[in-house]
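Pasted below: structure_32.txt, compact mmCIF, C-alpha atoms.
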# COMPACT_ATOMS: atom_id res chain seq x y z
CA MET A 1 22.13 194.67 153.86
CA GLY A 2 18.77 193.06 153.22
CA SER A 3 16.92 191.72 150.22
CA ASP A 4 17.95 192.51 146.65
CA ASN A 5 14.24 193.21 146.05
CA LEU A 6 13.81 196.15 148.41
CA HIS A 7 11.46 197.83 145.91
CA ASP A 8 9.03 194.94 146.35
CA VAL A 9 6.34 194.94 149.01
CA ARG A 10 7.41 192.67 151.89
CA LEU A 11 4.95 191.25 154.39
CA PHE A 12 5.49 189.29 157.59
CA VAL A 13 3.06 186.38 157.96
CA ASP A 14 2.56 183.72 160.64
CA ALA A 15 1.69 180.90 158.25
CA PRO A 16 4.15 178.17 157.18
CA LEU A 17 5.72 178.91 153.80
CA GLU A 18 6.29 176.33 151.09
CA ALA A 19 5.48 176.04 147.40
CA GLY A 20 1.72 176.40 146.88
CA ALA A 21 0.92 177.18 150.52
CA ALA A 22 -2.18 179.28 151.16
CA VAL A 23 -1.59 182.34 153.34
CA ALA A 24 -4.48 184.25 154.87
CA CYS A 25 -3.92 187.95 155.53
CA THR A 26 -5.05 189.75 158.66
CA PRO A 27 -7.67 192.50 158.18
CA GLU A 28 -4.92 195.11 158.68
CA GLN A 29 -2.73 193.48 156.03
CA ALA A 30 -5.68 193.20 153.66
CA ASN A 31 -6.45 196.89 154.10
CA TYR A 32 -2.82 197.78 153.41
CA LEU A 33 -2.48 195.63 150.30
CA VAL A 34 -5.90 196.22 148.75
CA ASN A 35 -6.98 199.68 149.88
CA VAL A 36 -3.68 201.49 150.48
CA LEU A 37 -1.47 199.94 147.80
CA ARG A 38 -4.47 199.09 145.58
CA LEU A 39 -3.11 195.69 144.60
CA GLY A 40 -5.46 193.29 142.88
CA ALA A 41 -5.59 189.55 142.27
CA GLY A 42 -2.48 188.43 140.43
CA ALA A 43 -0.17 190.98 142.01
CA GLU A 44 3.00 189.54 143.55
CA ILE A 45 4.77 190.49 146.78
CA LEU A 46 7.44 189.02 149.06
CA VAL A 47 6.50 187.27 152.30
CA PHE A 48 8.48 185.86 155.23
CA ASN A 49 7.67 184.31 158.61
CA GLY A 50 11.03 184.31 160.39
CA ARG A 51 11.40 180.53 159.91
CA ASP A 52 11.11 179.49 156.26
CA GLY A 53 13.05 182.20 154.46
CA GLU A 54 11.58 184.70 152.01
CA TRP A 55 9.07 183.70 149.32
CA ARG A 56 7.40 185.33 146.36
CA ALA A 57 3.64 185.15 146.75
CA ARG A 58 0.66 186.03 144.60
CA LEU A 59 -2.61 187.61 145.66
CA VAL A 60 -5.26 185.07 144.73
CA GLU A 61 -8.28 186.62 146.41
CA THR A 62 -9.05 190.23 147.22
CA GLY A 63 -11.86 192.21 148.73
CA LYS A 64 -12.25 195.46 150.64
CA ARG A 65 -11.55 193.75 153.95
CA ARG A 66 -9.93 190.49 152.99
CA CYS A 67 -7.26 188.99 150.80
CA ALA A 68 -5.38 185.73 150.50
CA LEU A 69 -1.96 184.84 149.14
CA ARG A 70 -0.35 181.75 147.68
CA SER A 71 3.39 181.27 148.05
CA LEU A 72 5.16 180.53 144.77
CA THR A 73 8.94 180.21 144.91
CA PRO A 74 11.64 180.91 147.51
CA THR A 75 13.73 184.04 146.97
CA ARG A 76 16.11 183.77 149.94
CA PRO A 77 16.87 181.03 152.48
CA GLN A 78 16.35 181.74 156.16
CA GLN A 79 19.16 183.79 157.69
CA ASN A 80 19.01 184.11 161.45
CA GLY A 81 22.01 186.31 162.17
CA PRO A 82 23.98 186.51 165.43
CA ASP A 83 22.88 184.99 168.75
CA LEU A 84 22.45 188.48 170.14
CA HIS A 85 20.01 189.65 172.81
CA TYR A 86 19.29 193.28 173.59
CA VAL A 87 18.42 194.11 177.21
CA PHE A 88 17.32 197.67 177.95
CA ALA A 89 15.60 199.98 180.38
CA PRO A 90 12.37 201.10 178.65
CA LEU A 91 12.08 204.57 177.14
CA LYS A 92 9.08 206.72 176.30
CA HIS A 93 7.08 205.80 173.20
CA ALA A 94 8.74 207.53 170.24
CA ARG A 95 12.28 206.79 171.34
CA LEU A 96 11.43 203.21 172.27
CA ASP A 97 9.90 202.74 168.82
CA TYR A 98 13.13 203.98 167.23
CA MET A 99 15.29 201.77 169.43
CA VAL A 100 13.27 198.63 168.66
CA GLN A 101 13.42 199.34 164.93
CA LYS A 102 17.19 199.85 164.94
CA ALA A 103 17.82 196.79 167.11
CA THR A 104 15.83 194.71 164.61
CA GLU A 105 17.83 196.12 161.69
CA LEU A 106 21.06 195.27 163.57
CA GLY A 107 20.10 191.60 163.82
CA VAL A 108 18.98 191.23 167.43
CA ALA A 109 17.28 187.91 168.16
CA HIS A 110 15.53 188.87 171.42
CA LEU A 111 14.36 192.13 173.00
CA GLN A 112 14.25 192.13 176.80
CA PRO A 113 12.91 195.15 178.73
CA VAL A 114 14.46 195.41 182.20
CA LEU A 115 13.37 197.59 185.11
CA THR A 116 16.22 199.27 186.98
CA ARG A 117 16.07 201.53 190.01
CA ARG A 118 16.28 204.62 187.81
CA THR A 119 13.96 203.46 185.04
CA VAL A 120 11.46 206.23 184.25
CA ALA A 121 9.09 204.53 181.77
CA ALA A 122 8.10 201.44 183.77
CA ARG A 123 5.13 200.47 181.55
CA VAL A 124 5.89 198.76 178.26
CA ASN A 125 3.49 198.08 175.39
CA LEU A 126 4.78 194.72 174.17
CA GLU A 127 2.40 194.57 171.20
CA ARG A 128 3.62 197.96 170.04
CA MET A 129 7.22 196.75 170.37
CA ARG A 130 6.49 193.66 168.30
CA ALA A 131 4.66 195.72 165.66
CA ASN A 132 7.65 198.04 165.35
CA ALA A 133 10.02 195.08 165.04
CA ILE A 134 7.86 193.56 162.28
CA GLU A 135 7.65 196.87 160.42
CA ALA A 136 11.43 197.30 160.57
CA ALA A 137 11.99 193.75 159.29
CA GLU A 138 9.50 194.26 156.45
CA GLN A 139 11.07 197.52 155.33
CA CYS A 140 14.75 196.56 155.61
CA GLY A 141 14.83 193.06 154.17
CA VAL A 142 15.48 191.38 157.53
CA LEU A 143 14.30 187.77 157.70
CA ARG A 144 14.23 187.38 161.48
CA VAL A 145 11.82 189.21 163.77
CA PRO A 146 13.13 189.34 167.35
CA THR A 147 11.11 187.79 170.14
CA VAL A 148 9.94 190.15 172.89
CA GLY A 149 10.25 189.27 176.58
CA GLU A 150 8.04 190.36 179.46
CA PRO A 151 9.60 193.20 181.48
CA MET A 152 11.41 192.08 184.63
CA LYS A 153 13.47 193.70 187.35
CA LEU A 154 17.22 193.72 186.86
CA GLU A 155 17.76 191.66 190.01
CA MET A 156 15.44 188.91 188.74
CA LEU A 157 17.03 188.99 185.29
CA LEU A 158 20.50 188.46 186.75
CA ALA A 159 19.24 185.72 189.09
CA ARG A 160 17.90 183.81 186.05
CA TRP A 161 20.83 184.53 183.75
CA GLU A 162 22.36 181.67 181.78
CA PRO A 163 26.12 182.06 182.42
CA GLN A 164 27.10 180.82 178.96
CA ARG A 165 25.65 184.02 177.47
CA ARG A 166 28.13 186.86 177.89
CA LEU A 167 26.48 190.04 179.19
CA ILE A 168 28.05 193.25 177.91
CA PHE A 169 26.86 196.33 179.73
CA CYS A 170 27.64 199.91 178.87
CA ASP A 171 29.34 201.79 181.69
CA GLU A 172 31.06 205.16 181.48
CA ALA A 173 33.35 204.02 184.30
CA ALA A 174 34.62 200.96 182.42
CA GLU A 175 38.29 200.27 183.14
CA VAL A 176 39.25 199.97 179.44
CA ALA A 177 38.63 203.19 177.52
CA SER A 178 38.41 201.54 174.09
CA PRO A 179 35.29 199.42 173.61
CA LEU A 180 36.96 197.48 170.78
CA ALA A 181 39.91 196.64 173.03
CA ALA A 182 37.51 195.43 175.74
CA LEU A 183 35.50 193.34 173.27
CA ALA A 184 38.68 191.81 171.86
CA THR A 185 39.13 189.92 175.14
CA ILE A 186 35.74 188.17 174.80
CA LYS A 187 35.24 184.93 172.93
CA ALA A 188 32.55 184.83 170.26
CA GLY A 189 29.35 183.06 171.30
CA PRO A 190 25.93 183.86 172.72
CA VAL A 191 25.96 187.47 173.86
CA ALA A 192 23.63 190.14 175.24
CA VAL A 193 24.00 193.91 175.31
CA LEU A 194 22.58 195.80 178.30
CA ILE A 195 21.80 199.53 178.17
CA GLY A 196 20.68 201.18 181.39
CA PRO A 197 18.26 204.07 181.94
CA GLU A 198 18.92 207.73 181.15
CA GLY A 199 20.29 208.34 184.63
CA GLY A 200 22.63 205.37 184.49
CA PHE A 201 22.77 202.36 186.78
CA ASP A 202 22.37 202.77 190.51
CA PRO A 203 25.73 202.24 192.31
CA ALA A 204 24.45 199.00 193.83
CA GLU A 205 23.34 197.77 190.39
CA ARG A 206 26.72 198.62 188.89
CA THR A 207 28.47 196.75 191.69
CA SER A 208 26.22 193.73 191.20
CA LEU A 209 26.91 193.69 187.46
CA ARG A 210 30.66 193.99 187.94
CA GLU A 211 30.64 191.03 190.32
CA LYS A 212 29.07 188.67 187.77
CA PRO A 213 31.69 186.44 186.09
CA TYR A 214 29.74 186.48 182.82
CA ALA A 215 29.46 190.29 182.66
CA SER A 216 31.85 192.72 180.94
CA ALA A 217 31.72 196.52 181.01
CA ILE A 218 32.47 198.61 177.92
CA SER A 219 32.75 202.35 177.48
CA LEU A 220 31.09 204.18 174.61
CA GLY A 221 33.60 207.00 174.55
CA PRO A 222 33.88 210.49 176.03
CA ARG A 223 30.48 211.84 174.96
CA VAL A 224 27.22 211.35 176.81
CA MET A 225 24.67 209.58 174.59
CA ARG A 226 20.94 209.18 174.85
CA ALA A 227 19.94 205.59 175.53
CA ASP A 228 18.59 205.01 172.01
CA THR A 229 21.83 206.34 170.47
CA ALA A 230 23.89 204.21 172.87
CA ALA A 231 21.89 201.16 171.79
CA VAL A 232 22.81 201.61 168.12
CA ALA A 233 26.47 202.28 168.97
CA ALA A 234 26.81 199.30 171.32
CA LEU A 235 25.03 196.83 169.04
CA ALA A 236 27.15 197.93 166.09
CA LEU A 237 30.35 197.48 168.11
CA VAL A 238 29.32 194.02 169.29
CA ASN A 239 28.34 192.96 165.77
CA ALA A 240 31.72 194.15 164.48
CA ALA A 241 33.71 192.42 167.21
CA LEU A 242 31.66 189.32 168.03
CA GLY A 243 28.72 189.08 165.62
CA ASP A 244 28.24 188.60 161.89
CA TRP A 245 30.06 191.74 160.72
CA ARG A 246 33.46 190.11 161.12
Rendering of file as structure tokens:
Amino acid sequence: MGSDNLHDVRLFVDAPLEAGAAVACTPEQANYLVNVLRLGAGAEILVFNGRDGEWRARLVETGKRRCALRSLTPTRPQQNGPDLHYVFAPLKHARLDYMVQKATELGVAHLQPVLTRRTVAARVNLERMRANAIEAAEQCGVLRVPTVGEPMKLEMLLARWEPQRRLIFCDEAAEVASPLAALATIKAGPVAVLIGPEGGFDPAERTSLREKPYASAISLGPRVMRADTAAVAALALVNAALGDWR
């Protein structure tokens, strides 16, 4: 769960946060606060930057296209969540938006698009991904906004992989039918979840993944899931078995 103040307006800012710090709003944020929400000078909201926790802040200057904030007191210390990366074959816009939002809510620290041989949506709007992650964090009380990596081919990703990070990939042909049983054999630590494209991994890609000593396959059960549904299921399982749901 997120903040106890979910009824409050929450805003992600890039500025450092400490008592009395001045925070300038972007034109888009100013429009939202002043013109959409119709907040005036003296109104208070919650702000966070992914580093310094959550703070209560007051609007000290407002105009049609500008506003400024001053941070007052901390409301929650920084909570970073599990060392969990999410690696995925890109989807088309609406479903990718949903997947990024849910991954953020589930505590992912890094979002990494990967291009497989069967990837359909090869172009990725990284700014849109980051905007969706920020919006999800603002709405759900999350204090950490995941970083977003440049898309790369699966072969390059595996060639650069840091072996200390366990890679869990979803595979309907996994040897162990129960994903919880498979995850029970893995030690807690840095972990990444990999979801392939709608058509699944190419046989050569599956073979390459299975050969990696740091990679483990898990099944998501007898039903075929869309990639965005599989993402939520897999991240929830990993959080329950290896992350901060234990």
Give me the box for stretch 20-23 of chain A as JSON, namely the centre and edge lengths in Å to one decimal of a box along x, y and z that holds every listed atom plus 4 Å on each side.
{"center_x": -0.2, "center_y": 179.4, "center_z": 150.1, "size_x": 11.9, "size_y": 13.9, "size_z": 14.5}
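Distances from A:Pro203, A:Pro213, A:Pro222, A:Pro179 to A:Ala240 were compared using all atoms listed in the file, and the smallest one belongs to A:Pro179.
Neighbourhood of point (20.8, 198.2, 185.2): residues with an atom at most 6 Å away, counting only C-alpha atoms, are Thr116, Leu154, Gly196, Phe201 and Glu205 of chain A.
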Keeping C-alpha atoms, export the residues of the selection given above as an mmCIF file, in the frame of the given file.
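Okay, part.cif is ready:
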data_model
loop_
_atom_site.group_PDB
_atom_site.id
_atom_site.type_symbol
_atom_site.label_atom_id
_atom_site.label_comp_id
_atom_site.auth_asym_id
_atom_site.auth_seq_id
_atom_site.Cartn_x
_atom_site.Cartn_y
_atom_site.Cartn_z
ATOM 1 C CA THR A 116 16.220 199.270 186.980
ATOM 2 C CA LEU A 154 17.220 193.720 186.860
ATOM 3 C CA GLY A 196 20.680 201.180 181.390
ATOM 4 C CA PHE A 201 22.770 202.360 186.780
ATOM 5 C CA GLU A 205 23.340 197.770 190.390
#
TODO: State, in Å with one decimal place, the distance from atom CA of A:Asn35 to atom CA of A:Ala19.
DONE: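 Taking atom CA of A:Asn35 as the start and atom CA of A:Ala19 as the end point, the length is 26.8 Å.
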Task: Residues near stretch 21-30 of chain A, cut-off 10 Å, all atoms listed in the file, skip fewer than 6 positions along chain, as JSON, numbers by chain - done: {"A": [11, 12, 13, 14, 15, 36, 37, 39, 47, 57, 58, 59, 60, 61, 62, 63, 64, 65, 66, 67, 68, 69, 70, 71, 72]}
